[in-house]
>>> print(open('my_file_3.csv').read())   # CSV, C-alpha atoms
chain,number,residue,atom,x,y,z
A,63,MET,CA,-20.5,17.8,-16.0
A,64,ILE,CA,-17.2,17.3,-14.1
A,65,GLU,CA,-15.1,20.4,-14.0
A,66,LEU,CA,-11.4,19.9,-14.6
A,67,ARG,CA,-8.4,22.1,-13.9
A,68,ALA,CA,-6.5,23.2,-17.0
A,69,PRO,CA,-4.1,20.3,-17.9
A,70,THR,CA,-0.5,20.8,-16.9
A,71,VAL,CA,2.2,20.3,-19.5
A,72,VAL,CA,4.0,17.1,-18.5
A,73,ASP,CA,7.4,15.9,-19.8
A,74,LEU,CA,6.8,12.3,-20.7
A,75,THR,CA,10.4,11.6,-21.6
A,76,PRO,CA,11.0,9.5,-18.4
A,77,ILE,CA,7.9,7.4,-19.3
A,78,TYR,CA,9.1,6.8,-22.9
A,79,GLU,CA,12.5,5.8,-21.6
A,80,PHE,CA,11.1,3.5,-19.0
A,81,LEU,CA,8.8,1.6,-21.4
A,82,GLY,CA,10.3,-0.8,-23.9
A,83,SER,CA,7.9,0.2,-26.7
A,84,ARG,CA,5.4,2.8,-27.8
A,85,THR,CA,1.7,2.2,-28.6
A,86,THR,CA,1.2,1.2,-32.2
A,87,GLN,CA,-1.0,3.0,-34.7
A,88,ALA,CA,-3.0,-0.2,-35.1
A,89,TRP,CA,-4.0,-0.1,-31.5
A,90,LEU,CA,-4.9,3.6,-31.7
A,91,ASP,CA,-7.0,3.1,-34.8
A,92,ALA,CA,-8.9,0.3,-33.0
A,93,ALA,CA,-9.3,2.3,-29.8
A,94,ILE,CA,-10.7,5.3,-31.7
A,95,SER,CA,-13.2,3.1,-33.4
A,96,ASN,CA,-14.3,1.5,-30.1
A,97,LEU,CA,-14.2,4.4,-27.7
A,98,PRO,CA,-17.0,3.2,-25.4
A,99,LEU,CA,-15.1,-0.1,-24.8
A,100,ILE,CA,-11.9,1.8,-24.1
A,101,ILE,CA,-13.6,4.3,-21.7
A,102,GLN,CA,-15.2,1.5,-19.7
A,103,ASP,CA,-12.0,-0.5,-19.5
A,104,HIS,CA,-10.3,2.6,-18.3
A,105,ALA,CA,-12.8,2.8,-15.5
A,106,ASN,CA,-12.1,-0.9,-14.7
A,107,CYS,CA,-8.4,-0.2,-14.6
A,108,GLU,CA,-8.8,2.7,-12.1
A,109,LYS,CA,-11.0,0.5,-9.9
A,110,LYS,CA,-8.5,-2.4,-10.1
A,111,ALA,CA,-5.6,-0.1,-9.3
A,112,ALA,CA,-7.3,1.2,-6.2
A,113,GLY,CA,-8.2,-2.4,-5.1
A,114,THR,CA,-4.6,-3.6,-5.7
A,115,ALA,CA,-3.2,-0.8,-3.6
A,116,MET,CA,-5.8,-1.5,-0.8
A,117,ASN,CA,-4.8,-5.1,-0.8
A,118,LEU,CA,-1.1,-4.2,-0.5
A,119,MET,CA,-1.9,-1.9,2.4
A,120,PHE,CA,-3.4,-4.8,4.4
A,121,ARG,CA,-0.8,-7.3,3.4
A,122,TYR,CA,2.3,-5.2,4.0
A,123,GLU,CA,1.5,-3.1,7.1
A,124,PHE,CA,5.1,-3.0,8.3
A,125,SER,CA,6.2,-0.2,6.0
A,126,HIS,CA,5.0,3.2,7.0
A,127,ASP,CA,6.2,4.9,3.8
A,128,LEU,CA,4.5,2.2,1.8
A,129,GLN,CA,1.2,2.8,3.7
A,130,ARG,CA,1.3,6.5,3.1
A,131,LYS,CA,2.1,6.3,-0.6
A,132,LEU,CA,-0.6,3.6,-1.1
A,133,ALA,CA,-3.2,5.7,0.7
A,134,GLN,CA,-2.5,8.6,-1.6
A,135,LEU,CA,-2.7,6.3,-4.6
A,136,ILE,CA,-6.0,4.8,-3.5
A,137,ARG,CA,-7.5,8.3,-3.2
A,138,GLU,CA,-6.3,9.4,-6.6
A,139,GLU,CA,-7.4,6.1,-8.4
A,140,MET,CA,-10.9,6.2,-6.8
A,141,LEU,CA,-11.3,9.9,-7.9
A,142,HIS,CA,-10.3,9.0,-11.4
A,143,TYR,CA,-12.8,6.1,-11.3
A,144,GLU,CA,-15.5,8.4,-10.3
A,145,GLN,CA,-14.6,10.9,-13.0
A,146,VAL,CA,-14.6,8.2,-15.7
A,147,LEU,CA,-18.1,7.1,-14.5
A,148,GLY,CA,-19.1,10.7,-14.9
A,149,ILE,CA,-17.8,10.9,-18.4
A,150,MET,CA,-19.7,7.7,-19.2
A,151,GLU,CA,-22.9,9.3,-17.9
A,152,GLU,CA,-22.3,12.4,-19.9
A,153,ARG,CA,-22.0,10.4,-23.0
A,154,GLY,CA,-25.1,8.3,-22.2
A,155,GLN,CA,-23.0,5.2,-22.0
A,156,GLU,CA,-24.5,2.2,-20.2
A,157,TRP,CA,-22.2,0.0,-18.0
A,158,GLN,CA,-21.7,-3.4,-19.5
A,159,HIS,CA,-19.8,-6.5,-18.4
A,160,LEU,CA,-16.2,-6.4,-19.7
A,161,GLY,CA,-13.8,-9.2,-18.9
A,162,ALA,CA,-10.2,-8.6,-18.1
A,163,GLY,CA,-7.6,-8.8,-20.9
A,164,ARG,CA,-4.4,-10.7,-20.8
A,165,TYR,CA,-2.1,-7.7,-19.9
A,166,ALA,CA,-1.9,-7.8,-16.1
A,167,LYS,CA,-2.1,-11.5,-15.9
A,168,GLY,CA,0.7,-11.8,-18.5
A,169,MET,CA,3.0,-10.0,-16.1
A,170,LEU,CA,1.8,-11.3,-12.8
A,171,LYS,CA,2.4,-14.9,-13.9
A,172,HIS,CA,6.2,-14.1,-13.7
A,173,LYS,CA,5.9,-12.8,-10.1
A,174,ARG,CA,8.1,-14.6,-7.7
A,175,THR,CA,6.4,-16.6,-4.9
A,176,TYR,CA,8.5,-15.7,-1.8
A,177,GLU,CA,8.8,-12.5,0.1
A,178,PRO,CA,9.9,-9.8,-0.2
A,179,ALA,CA,10.6,-10.7,-3.8
A,180,ALA,CA,6.8,-11.2,-4.5
A,181,MET,CA,6.1,-7.7,-3.2
A,182,ILE,CA,8.9,-6.2,-5.1
A,183,ASP,CA,7.7,-7.8,-8.4
A,184,VAL,CA,4.1,-6.6,-7.7
A,185,LEU,CA,5.4,-3.0,-7.3
A,186,ILE,CA,7.5,-3.2,-10.4
A,187,ILE,CA,4.6,-4.5,-12.4
A,188,GLY,CA,2.5,-1.7,-11.0
A,189,ALA,CA,5.1,0.8,-12.2
A,190,PHE,CA,4.8,-0.6,-15.8
A,191,ILE,CA,1.0,-0.5,-15.7
A,192,GLU,CA,1.0,3.1,-14.6
A,193,ALA,CA,3.6,4.1,-17.1
A,194,ARG,CA,1.7,2.4,-20.0
A,195,SER,CA,-1.5,4.1,-18.9
A,196,CYS,CA,0.2,7.4,-19.0
A,197,GLU,CA,1.7,6.8,-22.4
A,198,ARG,CA,-1.7,5.7,-23.8
A,199,PHE,CA,-3.5,8.7,-22.4
A,200,ALA,CA,-1.0,11.0,-24.1
A,201,ALA,CA,-1.3,9.1,-27.4
A,202,LEU,CA,-5.1,9.1,-27.4
A,203,ALA,CA,-5.3,12.8,-26.4
A,204,ALA,CA,-3.2,13.8,-29.4
A,205,ILE,CA,-5.6,12.3,-32.0
A,206,ILE,CA,-9.0,11.8,-30.4
A,207,ASP,CA,-11.8,13.8,-32.0
A,208,ASP,CA,-13.5,14.6,-28.7
A,209,GLU,CA,-12.0,17.6,-26.9
A,210,ARG,CA,-13.7,16.8,-23.6
A,211,LEU,CA,-12.2,13.4,-23.5
A,212,ALA,CA,-8.8,14.6,-24.8
A,213,LYS,CA,-8.7,17.3,-22.1
A,214,TYR,CA,-9.4,14.7,-19.4
A,215,TYR,CA,-6.7,12.4,-20.7
A,216,ARG,CA,-4.2,15.3,-20.6
A,217,TYR,CA,-5.4,16.2,-17.1
A,218,LEU,CA,-4.5,12.6,-15.9
A,219,LEU,CA,-0.9,12.8,-17.1
A,220,LYS,CA,0.4,14.7,-14.1
A,221,SER,CA,-0.6,12.2,-11.5
A,222,GLU,CA,-0.2,9.1,-13.7
A,223,SER,CA,3.4,10.1,-14.7
A,224,ARG,CA,4.3,10.3,-11.0
A,225,HIS,CA,2.8,7.0,-10.0
A,226,PHE,CA,5.3,4.8,-11.8
A,227,GLU,CA,8.2,6.4,-10.1
A,228,ASP,CA,6.5,6.0,-6.7
A,229,TYR,CA,6.1,2.3,-7.3
A,230,LEU,CA,9.7,1.9,-8.3
A,231,THR,CA,10.9,3.8,-5.3
A,232,LEU,CA,8.8,1.6,-3.0
A,233,ALA,CA,10.1,-1.5,-4.7
A,234,GLN,CA,13.7,-0.5,-4.3
A,235,SER,CA,13.1,0.4,-0.6
A,236,LEU,CA,12.1,-3.2,0.1
A,237,SER,CA,15.1,-4.8,-1.6
A,238,LYS,CA,18.6,-5.1,-0.3
A,239,ASP,CA,19.8,-5.5,-3.9
A,240,ASN,CA,19.5,-3.2,-6.9
A,241,ILE,CA,16.2,-3.9,-8.7
A,242,ASP,CA,17.4,-2.8,-12.2
A,243,GLU,CA,17.8,-6.4,-13.4
A,244,ARG,CA,14.2,-7.2,-12.4
A,245,VAL,CA,12.9,-4.0,-13.9
A,246,ALA,CA,14.7,-4.9,-17.2
A,247,PHE,CA,13.0,-8.3,-17.2
A,248,PHE,CA,9.5,-6.9,-16.8
A,249,LYS,CA,10.3,-4.2,-19.3
A,250,GLN,CA,10.7,-6.9,-22.0
A,251,VAL,CA,7.6,-8.9,-20.8
A,252,GLU,CA,5.5,-5.7,-20.9
A,253,SER,CA,6.7,-4.7,-24.3
A,254,ASP,CA,6.0,-8.1,-25.7
A,255,LEU,CA,2.4,-7.9,-24.4
A,256,ILE,CA,2.0,-4.5,-26.1
A,257,THR,CA,3.6,-5.3,-29.4
A,258,GLU,CA,2.3,-8.9,-30.0
A,259,PRO,CA,-1.1,-9.7,-31.5
A,260,ASP,CA,-4.0,-9.7,-29.1
A,261,SER,CA,-7.4,-11.2,-29.6
A,262,GLU,CA,-9.1,-8.7,-27.2
A,263,LEU,CA,-9.1,-4.9,-27.4
A,264,ARG,CA,-8.6,-3.4,-24.0
A,265,PHE,CA,-6.9,-0.2,-22.6
A,266,HIS,CA,-3.7,-2.2,-22.2
A,267,SER,CA,-4.0,-4.7,-25.0
A,268,GLY,CA,-1.5,-5.5,-27.7
A,269,ILE,CA,-1.8,-5.2,-31.5
A,270,PRO,CA,-5.4,-6.1,-32.5
A,271,ALA,CA,-5.3,-9.5,-34.1
>>> encode(input="my_file_3.csv", output="structure tokens")
Amino acid sequence: MIELRAPTVVDLTPIYEFLGSRTTQAWLDAAISNLPLIIQDHANCEKKAAGTAMNLMFRYEFSHDLQRKLAQLIREEMLHYEQVLGIMEERGQEWQHLGAGRYAKGMLKHKRTYEPAAMIDVLIIGAFIEARSCERFAALAAIIDDERLAKYYRYLLKSESRHFEDYLTLAQSLSKDNIDERVAFFKQVESDLITEPDSELRFHSGIPA
């Protein structure tokens, strides 16, 4: 069994203010009823986050600060991936194929195609993905009937709550103009993906259709 430090109390007010909506009760009910799926998709999300950060490191080598922040992010995401795999093993849960949902693709389709705007958009999207993950960890931890899993979700809040701010800082550092307007655009896009009907249940999916 993976030993975890005692979860730190984290003020999630900045997360809630950053996001345009909160997770619905309908999604929580579906998630609780399909925990194995949610756990495995969480593992997929951690792996994808590490992979995305690694790709960014190779593509944007000119920024020393970006490289340092991404290297730290990769280490944390891979640790979380390993920990979720450990939880799956503890629960006797077999790995199964699970396709990606619409969430990330739904935001990335709005990414601009020229630099540095494309990079800025990717970082802003990353901020929303991290913030939504944090919000959902907290929501699940509050109601889940599995203290081991609830403790793990609370444990993740400290690092996940910091990641979205790191992404925003990096995005602003690459832009000569204020990014607030672009952040507001993706805030609406992300909120729509979370609050509209969704045919697939995933860690970042919308309201179950």
>>> residues_around(input="my_file_3.csv", residues="Glu258 in chain A", least_positions_apart="6", cutoff="12 Å", atoms="all atoms listed in the file", output="count of residues only")
17
>>> residues_around(input="my_file_3.csv", residues="range 189-198 of chain A", least_positions_apart="6", cutoff="7 Å", atoms="all atoms listed in the file", output="ChimeraX atom specification")
/A:77,85,219,222-223,225-227,229-230
>>> atom_distance(input="my_file_3.csv", atom1="CA of Gly161 in chain A", atom2="CA of Arg84 in chain A")
24.3 Å
>>> residues_near_point(input="my_file_3.csv", point="(-14.7, 4.2, -3.3)", cutoff="12 Å", atoms="only C-alpha atoms", output="list in words")
Glu108, Lys109, Lys110, Ala111, Ala112, Gly113, Met116, Ile136, Arg137, Glu138, Glu139, Met140, Leu141, His142, Tyr143, Glu144 and Gln145 of chain A
>>> residues_around(input="my_file_3.csv", residues="Asp207 in chain A", least_positions_apart="4", cutoff="12 Å", atoms="only C-alpha atoms", output="MDAnalysis selection string")
chainID A and resid 93:95 97 202:203 211:213
>>> residues_around(input="my_file_3.csv", residues="Ile186 in chain A", least_positions_apart="3", cutoff="12 Å", atoms="only C-alpha atoms", output="PyMOL selection string")
chain A and resi 80+166+169-170+172-174+179-183+189-193+225-237+241-249+251-252
>>> write_last_selection(input="my_file_3.csv", atoms="C-alpha atoms", output="PDB file, keeping the file's coordinate frame")
ATOM      1  CA  PHE A  80      11.100   3.500 -19.000  1.00  0.00           C
ATOM      2  CA  ALA A 166      -1.900  -7.800 -16.100  1.00  0.00           C
ATOM      3  CA  MET A 169       3.000 -10.000 -16.100  1.00  0.00           C
ATOM      4  CA  LEU A 170       1.800 -11.300 -12.800  1.00  0.00           C
ATOM      5  CA  HIS A 172       6.200 -14.100 -13.700  1.00  0.00           C
ATOM      6  CA  LYS A 173       5.900 -12.800 -10.100  1.00  0.00           C
ATOM      7  CA  ARG A 174       8.100 -14.600  -7.700  1.00  0.00           C
ATOM      8  CA  ALA A 179      10.600 -10.700  -3.800  1.00  0.00           C
ATOM      9  CA  ALA A 180       6.800 -11.200  -4.500  1.00  0.00           C
ATOM     10  CA  MET A 181       6.100  -7.700  -3.200  1.00  0.00           C
ATOM     11  CA  ILE A 182       8.900  -6.200  -5.100  1.00  0.00           C
ATOM     12  CA  ASP A 183       7.700  -7.800  -8.400  1.00  0.00           C
ATOM     13  CA  ALA A 189       5.100   0.800 -12.200  1.00  0.00           C
ATOM     14  CA  PHE A 190       4.800  -0.600 -15.800  1.00  0.00           C
ATOM     15  CA  ILE A 191       1.000  -0.500 -15.700  1.00  0.00           C
ATOM     16  CA  GLU A 192       1.000   3.100 -14.600  1.00  0.00           C
ATOM     17  CA  ALA A 193       3.600   4.100 -17.100  1.00  0.00           C
ATOM     18  CA  HIS A 225       2.800   7.000 -10.000  1.00  0.00           C
ATOM     19  CA  PHE A 226       5.300   4.800 -11.800  1.00  0.00           C
ATOM     20  CA  GLU A 227       8.200   6.400 -10.100  1.00  0.00           C
ATOM     21  CA  ASP A 228       6.500   6.000  -6.700  1.00  0.00           C
ATOM     22  CA  TYR A 229       6.100   2.300  -7.300  1.00  0.00           C
ATOM     23  CA  LEU A 230       9.700   1.900  -8.300  1.00  0.00           C
ATOM     24  CA  THR A 231      10.900   3.800  -5.300  1.00  0.00           C
ATOM     25  CA  LEU A 232       8.800   1.600  -3.000  1.00  0.00           C
ATOM     26  CA  ALA A 233      10.100  -1.500  -4.700  1.00  0.00           C
ATOM     27  CA  GLN A 234      13.700  -0.500  -4.300  1.00  0.00           C
ATOM     28  CA  SER A 235      13.100   0.400  -0.600  1.00  0.00           C
ATOM     29  CA  LEU A 236      12.100  -3.200   0.100  1.00  0.00           C
ATOM     30  CA  SER A 237      15.100  -4.800  -1.600  1.00  0.00           C
ATOM     31  CA  ILE A 241      16.200  -3.900  -8.700  1.00  0.00           C
ATOM     32  CA  ASP A 242      17.400  -2.800 -12.200  1.00  0.00           C
ATOM     33  CA  GLU A 243      17.800  -6.400 -13.400  1.00  0.00           C
ATOM     34  CA  ARG A 244      14.200  -7.200 -12.400  1.00  0.00           C
ATOM     35  CA  VAL A 245      12.900  -4.000 -13.900  1.00  0.00           C
ATOM     36  CA  ALA A 246      14.700  -4.900 -17.200  1.00  0.00           C
ATOM     37  CA  PHE A 247      13.000  -8.300 -17.200  1.00  0.00           C
ATOM     38  CA  PHE A 248       9.500  -6.900 -16.800  1.00  0.00           C
ATOM     39  CA  LYS A 249      10.300  -4.200 -19.300  1.00  0.00           C
ATOM     40  CA  VAL A 251       7.600  -8.900 -20.800  1.00  0.00           C
ATOM     41  CA  GLU A 252       5.500  -5.700 -20.900  1.00  0.00           C
TER      42      GLU A 252
END
>>> build_atoms(input="my_file_3.csv", residues="range 226-246 of chain A", atoms="N, CA and C atoms", output="compact mmCIF listing (two decimals), in the coordinates of the input")
# COMPACT_ATOMS: atom_id res chain seq x y z
N PHE A 226 4.31 5.83 -11.53
CA PHE A 226 5.30 4.80 -11.80
C PHE A 226 6.55 4.94 -11.06
N GLU A 227 6.97 6.18 -10.85
CA GLU A 227 8.20 6.40 -10.10
C GLU A 227 7.97 6.10 -8.61
N ASP A 228 6.78 6.37 -8.09
CA ASP A 228 6.50 6.00 -6.70
C ASP A 228 6.56 4.51 -6.50
N TYR A 229 6.02 3.75 -7.44
CA TYR A 229 6.10 2.30 -7.30
C TYR A 229 7.52 1.80 -7.37
N LEU A 230 8.34 2.36 -8.25
CA LEU A 230 9.70 1.90 -8.30
C LEU A 230 10.50 2.25 -7.06
N THR A 231 10.26 3.44 -6.51
CA THR A 231 10.90 3.80 -5.30
C THR A 231 10.56 2.89 -4.13
N LEU A 232 9.29 2.55 -4.04
CA LEU A 232 8.80 1.60 -3.00
C LEU A 232 9.45 0.24 -3.21
N ALA A 233 9.51 -0.22 -4.46
CA ALA A 233 10.10 -1.50 -4.70
C ALA A 233 11.56 -1.57 -4.31
N GLN A 234 12.32 -0.53 -4.65
CA GLN A 234 13.70 -0.50 -4.30
C GLN A 234 13.92 -0.42 -2.77
N SER A 235 13.01 0.27 -2.08
CA SER A 235 13.10 0.40 -0.60
C SER A 235 12.96 -0.91 0.09
N LEU A 236 12.30 -1.87 -0.54
CA LEU A 236 12.10 -3.20 0.10
C LEU A 236 13.13 -4.20 -0.29
N SER A 237 14.05 -3.81 -1.16
CA SER A 237 15.10 -4.80 -1.60
C SER A 237 16.45 -4.37 -1.15
N LYS A 238 17.20 -5.36 -0.68
CA LYS A 238 18.60 -5.10 -0.30
C LYS A 238 19.48 -5.00 -1.52
N ASP A 239 19.03 -5.56 -2.63
CA ASP A 239 19.80 -5.50 -3.90
C ASP A 239 19.19 -4.54 -4.85
N ASN A 240 19.97 -4.11 -5.82
CA ASN A 240 19.50 -3.20 -6.90
C ASN A 240 18.41 -3.96 -7.68
N ILE A 241 17.33 -3.29 -8.00
CA ILE A 241 16.20 -3.90 -8.70
C ILE A 241 16.31 -3.77 -10.22
N ASP A 242 17.36 -3.15 -10.73
CA ASP A 242 17.40 -2.80 -12.20
C ASP A 242 17.28 -4.08 -13.04
N GLU A 243 17.87 -5.19 -12.62
CA GLU A 243 17.80 -6.40 -13.40
C GLU A 243 16.34 -6.90 -13.52
N ARG A 244 15.62 -6.81 -12.41
CA ARG A 244 14.20 -7.20 -12.40
C ARG A 244 13.35 -6.28 -13.22
N VAL A 245 13.65 -4.99 -13.14
CA VAL A 245 12.90 -4.00 -13.90
C VAL A 245 13.13 -4.29 -15.43
N ALA A 246 14.37 -4.60 -15.81
CA ALA A 246 14.70 -4.90 -17.20
C ALA A 246 13.92 -6.14 -17.68
